[in-house]
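J.: First the structure, then my questions, so here it is.
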Amino acid sequence: MIARDLAEPYPHVTTDDQAVDAVRLLAEHDLAALLVLERDGTPYAVVPGSQLVRQLVPEYVMEDPLLAAVIDDRYADSLTEGLAGKTVAQWIPARAFKPAFVGPEAGALQIAALMARTHVPLVAVIDRDDEGRQLVGVVSAASLMRHLLDVGGQE
(Lines give C-alpha, C1' and ligand atoms only; values in the text may rest on other atoms or scores of the structure.)
Protein backbone atom coordinates (compact mmCIF):
# COMPACT_ATOMS: atom_id res chain seq x y z
CA MET A 1 0.00 0.00 0.00
CA ILE A 2 1.28 3.48 -0.78
CA ALA A 3 1.41 6.61 1.36
CA ARG A 4 -1.56 8.27 -0.34
CA ASP A 5 -3.75 5.33 0.69
CA LEU A 6 -2.35 5.11 4.21
CA ALA A 7 -2.56 8.85 4.93
CA GLU A 8 -5.24 10.06 7.31
CA PRO A 9 -6.36 13.62 7.98
CA TYR A 10 -4.43 15.19 10.85
CA PRO A 11 -4.95 18.58 12.45
CA HIS A 12 -1.97 20.90 12.14
CA VAL A 13 -0.79 24.43 12.76
CA THR A 14 1.58 26.71 10.90
CA THR A 15 4.66 28.44 12.23
CA ASP A 16 2.73 31.75 12.18
CA ASP A 17 -0.22 30.52 14.25
CA GLN A 18 -0.52 31.54 17.88
CA ALA A 19 1.07 29.16 20.40
CA VAL A 20 -2.08 29.13 22.53
CA ASP A 21 -4.04 27.90 19.49
CA ALA A 22 -1.54 25.05 19.08
CA VAL A 23 -2.08 24.01 22.69
CA ARG A 24 -5.85 24.08 22.20
CA LEU A 25 -5.56 21.98 19.03
CA LEU A 26 -3.41 19.40 20.79
CA ALA A 27 -5.80 19.20 23.74
CA GLU A 28 -9.10 19.28 21.84
CA HIS A 29 -8.06 16.58 19.37
CA ASP A 30 -6.18 14.45 21.91
CA LEU A 31 -3.08 14.44 19.70
CA ALA A 32 0.10 12.59 20.59
CA ALA A 33 2.18 15.09 18.65
CA LEU A 34 1.83 18.51 17.08
CA LEU A 35 2.38 18.79 13.33
CA VAL A 36 3.73 22.20 12.34
CA LEU A 37 3.83 23.33 8.71
CA GLU A 38 5.45 26.38 7.21
CA ARG A 39 3.16 28.84 5.47
CA ASP A 40 3.87 27.20 2.09
CA GLY A 41 2.87 23.73 3.34
CA THR A 42 6.40 22.43 3.94
CA PRO A 43 6.66 20.35 7.12
CA TYR A 44 8.51 22.36 9.77
CA ALA A 45 8.38 20.16 12.89
CA VAL A 46 6.66 17.30 14.63
CA VAL A 47 6.71 17.84 18.37
CA PRO A 48 5.59 15.13 20.79
CA GLY A 49 3.03 16.36 23.31
CA SER A 50 5.41 15.59 26.19
CA GLN A 51 7.87 18.14 24.82
CA LEU A 52 5.13 20.75 24.62
CA VAL A 53 4.15 20.07 28.23
CA ARG A 54 7.80 20.63 29.09
CA GLN A 55 7.59 24.07 27.46
CA LEU A 56 4.81 25.00 29.91
CA VAL A 57 6.52 23.87 33.12
CA PRO A 58 9.12 26.25 34.59
CA GLU A 59 12.65 24.86 34.80
CA TYR A 60 12.79 25.25 38.59
CA VAL A 61 9.71 23.03 38.96
CA MET A 62 11.20 20.33 36.74
CA GLU A 63 14.43 20.38 38.73
CA ASP A 64 12.69 19.95 42.10
CA PRO A 65 10.03 17.21 42.15
CA LEU A 66 9.16 18.11 45.77
CA LEU A 67 8.28 21.62 44.71
CA ALA A 68 6.03 20.26 41.97
CA ALA A 69 4.23 18.15 44.58
CA VAL A 70 3.29 21.14 46.75
CA ILE A 71 2.17 23.55 44.02
CA ASP A 72 -1.57 23.24 43.57
CA ASP A 73 -3.64 23.33 40.40
CA ARG A 74 -4.46 27.02 40.82
CA TYR A 75 -0.89 27.71 39.72
CA ALA A 76 -1.52 25.81 36.49
CA ASP A 77 -3.52 28.75 35.13
CA SER A 78 -0.36 30.84 35.11
CA LEU A 79 1.52 28.25 33.02
CA THR A 80 -0.18 29.37 29.84
CA GLU A 81 0.58 33.06 30.44
CA GLY A 82 3.97 32.51 28.80
CA LEU A 83 2.19 31.67 25.55
CA ALA A 84 0.59 35.08 25.12
CA GLY A 85 1.69 36.77 21.92
CA LYS A 86 4.04 33.98 20.83
CA THR A 87 3.82 32.22 17.51
CA VAL A 88 4.22 28.48 17.25
CA ALA A 89 7.72 28.93 15.79
CA GLN A 90 8.72 31.08 18.78
CA TRP A 91 7.27 28.68 21.32
CA ILE A 92 8.15 25.14 20.28
CA PRO A 93 11.45 23.73 21.54
CA ALA A 94 14.48 24.82 19.53
CA ARG A 95 15.46 21.18 19.20
CA ALA A 96 12.06 20.20 17.85
CA PHE A 97 11.98 16.93 16.03
CA LYS A 98 12.68 17.30 12.34
CA PRO A 99 9.57 16.43 10.39
CA ALA A 100 9.55 13.16 8.54
CA PHE A 101 7.71 13.34 5.23
CA VAL A 102 7.30 11.37 2.05
CA GLY A 103 5.62 11.75 -1.29
CA PRO A 104 2.25 10.14 -1.98
CA GLU A 105 3.81 7.17 -3.82
CA ALA A 106 6.09 6.02 -0.96
CA GLY A 107 5.56 2.45 0.18
CA ALA A 108 4.63 1.25 3.67
CA LEU A 109 8.09 -0.16 4.38
CA GLN A 110 9.70 3.08 3.24
CA ILE A 111 7.49 4.95 5.71
CA ALA A 112 8.26 2.43 8.47
CA ALA A 113 12.00 2.77 7.92
CA LEU A 114 11.79 6.57 7.98
CA MET A 115 9.69 6.53 11.14
CA ALA A 116 12.12 4.15 12.86
CA ARG A 117 15.17 6.14 11.77
CA THR A 118 13.81 9.54 12.83
CA HIS A 119 12.07 8.40 16.06
CA VAL A 120 9.02 10.48 15.13
CA PRO A 121 5.54 8.91 15.46
CA LEU A 122 4.10 10.77 12.46
CA VAL A 123 5.13 10.87 8.83
CA ALA A 124 3.53 13.60 6.76
CA VAL A 125 2.49 12.77 3.21
CA ILE A 126 3.16 15.80 1.02
CA ASP A 127 2.07 16.19 -2.58
CA ARG A 128 3.75 18.72 -4.85
CA ASP A 129 2.10 20.33 -7.82
CA ASP A 130 2.41 23.54 -9.81
CA GLU A 131 0.79 25.47 -6.99
CA GLY A 132 3.23 24.26 -4.32
CA ARG A 133 3.00 21.71 -1.56
CA GLN A 134 -0.11 20.27 -0.01
CA LEU A 135 -0.54 18.03 3.01
CA VAL A 136 -2.33 14.86 1.88
CA GLY A 137 -2.43 13.52 5.42
CA VAL A 138 -0.32 11.79 8.00
CA VAL A 139 0.68 8.20 8.59
CA SER A 140 0.85 7.58 12.33
CA ALA A 141 2.80 4.80 14.00
CA ALA A 142 -0.48 3.23 15.12
CA SER A 143 -2.05 3.23 11.65
CA LEU A 144 1.15 1.89 10.12
CA MET A 145 1.23 -0.94 12.66
CA ARG A 146 -2.44 -1.74 11.90
CA HIS A 147 -1.62 -1.94 8.21
CA LEU A 148 1.49 -4.06 8.72
CA LEU A 149 -0.39 -6.44 11.03
CA ASP A 150 -3.26 -6.77 8.52
CA VAL A 151 -0.80 -7.52 5.73
CA GLY A 152 0.92 -10.13 7.87
CA GLY A 153 -2.40 -11.71 8.86
CA GLN A 154 -3.52 -12.17 5.25
CA GLU A 155 -0.69 -14.50 4.29
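Numbering starts fresh at 1 for the residues of each chain in the C-alpha coordinates, the chains themselves are lettered A, B, ... in the order given, and ligands are numbered from 1 as they appear.
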Give me the residues near Val125 in chain A as a PyMOL selection string, where near means some atom within 9 Å (using only C-alpha atoms) and where sequence neighbours in that chain fewer than 4 positions away do not count.
T.: chain A and resi 3-4+7+100-104+106+134-139
J.: Residues within 12 Å of His147 in chain A, please, as a CSV table (one decimal) with N, CA, C and O atoms, in the first residue's frame. Count only C-alpha atoms; anything in the same chain fewer than 3 positions from it doesn't count.
T.:
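And here's out27.csv as it stands now:
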chain,number,residue,atom,x,y,z
A,1,MET,N,0.9,-1.2,0.0
A,1,MET,CA,0.0,0.0,0.0
A,1,MET,C,0.9,1.2,0.0
A,1,MET,O,1.9,1.3,0.6
A,2,ILE,N,0.5,2.3,-0.7
A,2,ILE,CA,1.3,3.5,-0.8
A,2,ILE,C,0.8,4.6,0.2
A,2,ILE,O,-0.3,4.5,0.8
A,3,ALA,N,1.7,5.6,0.4
A,3,ALA,CA,1.4,6.6,1.4
A,3,ALA,C,0.1,7.3,1.2
A,3,ALA,O,-0.6,7.6,2.1
A,5,ASP,N,-2.7,6.2,0.2
A,5,ASP,CA,-3.8,5.3,0.7
A,5,ASP,C,-3.7,5.2,2.2
A,5,ASP,O,-4.7,4.9,2.8
A,6,LEU,N,-2.5,5.3,2.8
A,6,LEU,CA,-2.3,5.1,4.2
A,6,LEU,C,-2.6,6.4,5.0
A,6,LEU,O,-2.9,6.4,6.1
A,7,ALA,N,-2.5,7.5,4.3
A,7,ALA,CA,-2.6,8.8,4.9
A,7,ALA,C,-4.0,9.1,5.5
A,7,ALA,O,-5.0,8.8,4.8
A,107,GLY,N,6.1,3.7,-0.3
A,107,GLY,CA,5.6,2.4,0.2
A,107,GLY,C,5.5,2.4,1.7
A,107,GLY,O,6.2,3.1,2.4
A,108,ALA,N,4.8,1.4,2.2
A,108,ALA,CA,4.6,1.3,3.7
A,108,ALA,C,6.0,1.0,4.4
A,108,ALA,O,6.2,1.5,5.4
A,109,LEU,N,6.8,0.1,3.7
A,109,LEU,CA,8.1,-0.2,4.4
A,109,LEU,C,9.0,1.0,4.3
A,109,LEU,O,9.8,1.2,5.3
A,111,ILE,N,8.0,4.1,4.6
A,111,ILE,CA,7.5,4.9,5.7
A,111,ILE,C,7.9,4.4,7.1
A,111,ILE,O,8.4,5.1,7.9
A,112,ALA,N,7.8,3.1,7.2
A,112,ALA,CA,8.3,2.4,8.5
A,112,ALA,C,9.7,2.7,8.8
A,112,ALA,O,10.1,3.0,9.9
A,139,VAL,N,0.7,9.6,8.2
A,139,VAL,CA,0.7,8.2,8.6
A,139,VAL,C,1.2,8.1,10.0
A,139,VAL,O,2.4,8.6,10.3
A,140,SER,N,0.4,7.7,10.9
A,140,SER,CA,0.9,7.6,12.3
A,140,SER,C,1.4,6.2,12.6
A,140,SER,O,1.2,5.3,11.8
A,141,ALA,N,2.2,6.1,13.6
A,141,ALA,CA,2.8,4.8,14.0
A,141,ALA,C,1.7,3.8,14.2
A,141,ALA,O,1.8,2.6,13.8
A,142,ALA,N,0.6,4.2,14.9
A,142,ALA,CA,-0.5,3.2,15.1
A,142,ALA,C,-1.1,2.7,13.8
A,142,ALA,O,-1.4,1.5,13.7
A,143,SER,N,-1.4,3.7,12.9
A,143,SER,CA,-2.1,3.2,11.7
A,143,SER,C,-1.1,2.4,10.8
A,143,SER,O,-1.5,1.4,10.1
A,144,LEU,N,0.2,2.7,10.9
A,144,LEU,CA,1.2,1.9,10.1
A,144,LEU,C,1.2,0.5,10.7
A,144,LEU,O,1.3,-0.5,10.0
A,150,ASP,N,-2.2,-6.3,9.5
A,150,ASP,CA,-3.3,-6.8,8.5
A,150,ASP,C,-2.6,-7.5,7.4
A,150,ASP,O,-3.0,-8.6,6.9
A,151,VAL,N,-1.5,-6.9,6.8
A,151,VAL,CA,-0.8,-7.5,5.7
A,151,VAL,C,-0.2,-8.9,6.2
A,151,VAL,O,-0.4,-9.9,5.5
A,152,GLY,N,0.3,-8.9,7.4
A,152,GLY,CA,0.9,-10.1,7.9
A,152,GLY,C,-0.1,-11.2,8.2
A,152,GLY,O,0.1,-12.4,8.0
A,153,GLY,N,-1.3,-10.8,8.5
A,153,GLY,CA,-2.4,-11.7,8.9
A,153,GLY,C,-3.0,-12.3,7.6
A,153,GLY,O,-3.7,-13.3,7.7
A,154,GLN,N,-2.9,-11.7,6.5
A,154,GLN,CA,-3.5,-12.2,5.3
A,154,GLN,C,-2.7,-13.2,4.5
A,154,GLN,O,-3.2,-13.8,3.6
J.: Could you give me the residues within range 1-144 of chain A that DSSP places in strand (DSSP E or B), as an MDAnalysis selection string?
T.: chainID A and resid 2 8 13:14 18 33:37 43:48 87 97 100:102 107 122:129 132:140
J.: Please report the interatomic distance between CA of Leu122 in chain A and CA of Pro9 in chain A in Å with one decimal.
T.: 11.7 Å
J.: Name the residues of chain A that fall into alpha helix (DSSP H) according to DSSP on the backbone, using the chain letters and numbers of this document, as a PyMOL selection string.
T.: chain A and resi 3-6+19-28+49-56+59-63+65-70+76-79+88-91+108-118+141-153
J.: So that I can see what lies close to Leu52 in chain A, please list as a count of residues only the residues with an atom at most 8 Å from it, counting only C-alpha atoms and leaving out residues fewer than 5 positions away in the same chain.
T.: 3
J.: Which residue out of A:Val123, A:Pro99, A:Arg54, A:Asp129 has the minimum interatomic distance to Glu8 in chain A when only C-alpha atoms are used?
T.: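 Nearest candidate to Glu8 in chain A out of A:Val123, A:Pro99, A:Arg54, A:Asp129: A:Val123.
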J.: Quick check, in Å to one decimal: how far apart do CA of Ile126 in chain A and CA of Leu34 in chain A lie?
T.: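 Separating CA of Ile126 in chain A from CA of Leu34 in chain A is a distance of 16.3 Å.
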J.: Tell me, as a list in words, which residues lie within 10 Å of Val23 in chain A, counting only C-alpha atoms; anything in the same chain fewer than 3 positions away does not count.
T.: Gln18, Ala19, Val20, Leu26, Ala27, Glu28, Leu34, Gly49, Leu52, Val53, Thr80, Leu83 and Val88 of chain A
J.: Check the smallest atom-to-atom distance from each of A:Ala113, A:Gly82, A:Gln55, A:Ala124 to Tyr10 in chain A using only C-alpha atoms, then report the winner.
T.: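 Between A:Ala113, A:Gly82, A:Gln55, A:Ala124, the residue approaching Tyr10 in chain A most closely is A:Ala124.
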